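Worksheet: one structure, shown below.
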Amino acid sequence: MARLKGDDSVAQELEQKRKLAELEEKLAKARERQNTAEISQYERAIELQRQIYSEKKRQYEEDKKAQAEREKETIERRKKSDNKQPGKASSDSSSNSIVANDFNLGELPPVKVNTDELANKFMSLLEKERDKTVKFTLNTFMDDIEREAKARGY
């Protein structure tokens, strides 16, 4: 539900708690059976899960900070662009905007393409795909650990 509302950090935290509870439960059962090999594997799996979550949280915070910075830069560029006269070429080399009138195309209406905004959207899509890939890889890794533990009778 949290993920649907757009708050991935809450969803990630809930998922972490669920995975840790599942591993802790398995660890408790292994302790009941006094199986030292199984106990050490589940302790290691819990440690790895915490490390994975810590890294994902760090990356999420970095991504959030970077996104905020990109949005801030985009807003600043828009403000600069809005302050310029419409239809005139920009001599500002830091601007990544292109105005169609700069090419003397005749009767065409002015078309402004904000390449910074497009780049930000593209980066956002790449980040989402990277997050999906990381989540898939981590889930597959955890599933493999569980499957291997079951195969060994833990």
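Here's how to read the names in the structure tokens: chain A, B, ... by the order shown, residue numbers from 1 in each chain, ligand numbers from 1 in the order shown.
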Item to check | Residue contacts of range 43-55 of chain A (7 Å, only C-alpha atoms) excluding same-chain residues fewer than 6 positions away, as a list of chain:residue names | outcome: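 Near range 43-55 of chain A, the qualifying residues are A:Gln16, A:Leu20, A:Leu23.
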Next on the checklist: Env of range 120-125 of chain A: 9 Å cut, atoms = only C-alpha atoms, seq-sep filter 2 positions within chain, self excluded. Answer as a PyMOL selection string.
Outcome noted: chain A and resi 67+70-71+74+115-118+127-130
Could you save those same residues with C-alpha atoms as a PDB file, in the first residue's frame?
ATOM      1  CA  GLN A  67      16.593  13.960  -7.735  1.00  0.00           C
ATOM      2  CA  ARG A  70      18.073  17.959 -10.455  1.00  0.00           C
ATOM      3  CA  GLU A  71      14.603  19.355  -9.818  1.00  0.00           C
ATOM      4  CA  THR A  74      15.461  22.492 -13.605  1.00  0.00           C
ATOM      5  CA  THR A 115      16.642  19.038 -23.108  1.00  0.00           C
ATOM      6  CA  ASP A 116      17.353  19.313 -19.386  1.00  0.00           C
ATOM      7  CA  GLU A 117      13.804  18.255 -18.564  1.00  0.00           C
ATOM      8  CA  LEU A 118      14.021  15.368 -21.028  1.00  0.00           C
ATOM      9  CA  GLU A 127      16.762   4.971 -11.796  1.00  0.00           C
ATOM     10  CA  LYS A 128      13.395   3.227 -11.579  1.00  0.00           C
ATOM     11  CA  GLU A 129      14.615   0.421 -13.831  1.00  0.00           C
ATOM     12  CA  ARG A 130      17.813   0.107 -11.807  1.00  0.00           C
TER      13      ARG A 130
END
Item to check | Distance of CA of Ala151 in chain A from CA of Glu13 in chain A, expressed in Å to one decimal place | outcome: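 Interatomic distance here is 28.9 Å.
Distances from A:Lys112, A:Lys56, A:Arg77, A:Glu69 to Val134 in chain A were compared using only C-alpha atoms, and the smallest one belongs to A:Lys56.
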Item to check | Computed interatomic separation between CA of Lys57 in chain A and CA of Glu148 in chain A (Å) | outcome: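 Computing the Euclidean distance for CA of Lys57 in chain A and CA of Glu148 in chain A yields 26.8 Å.
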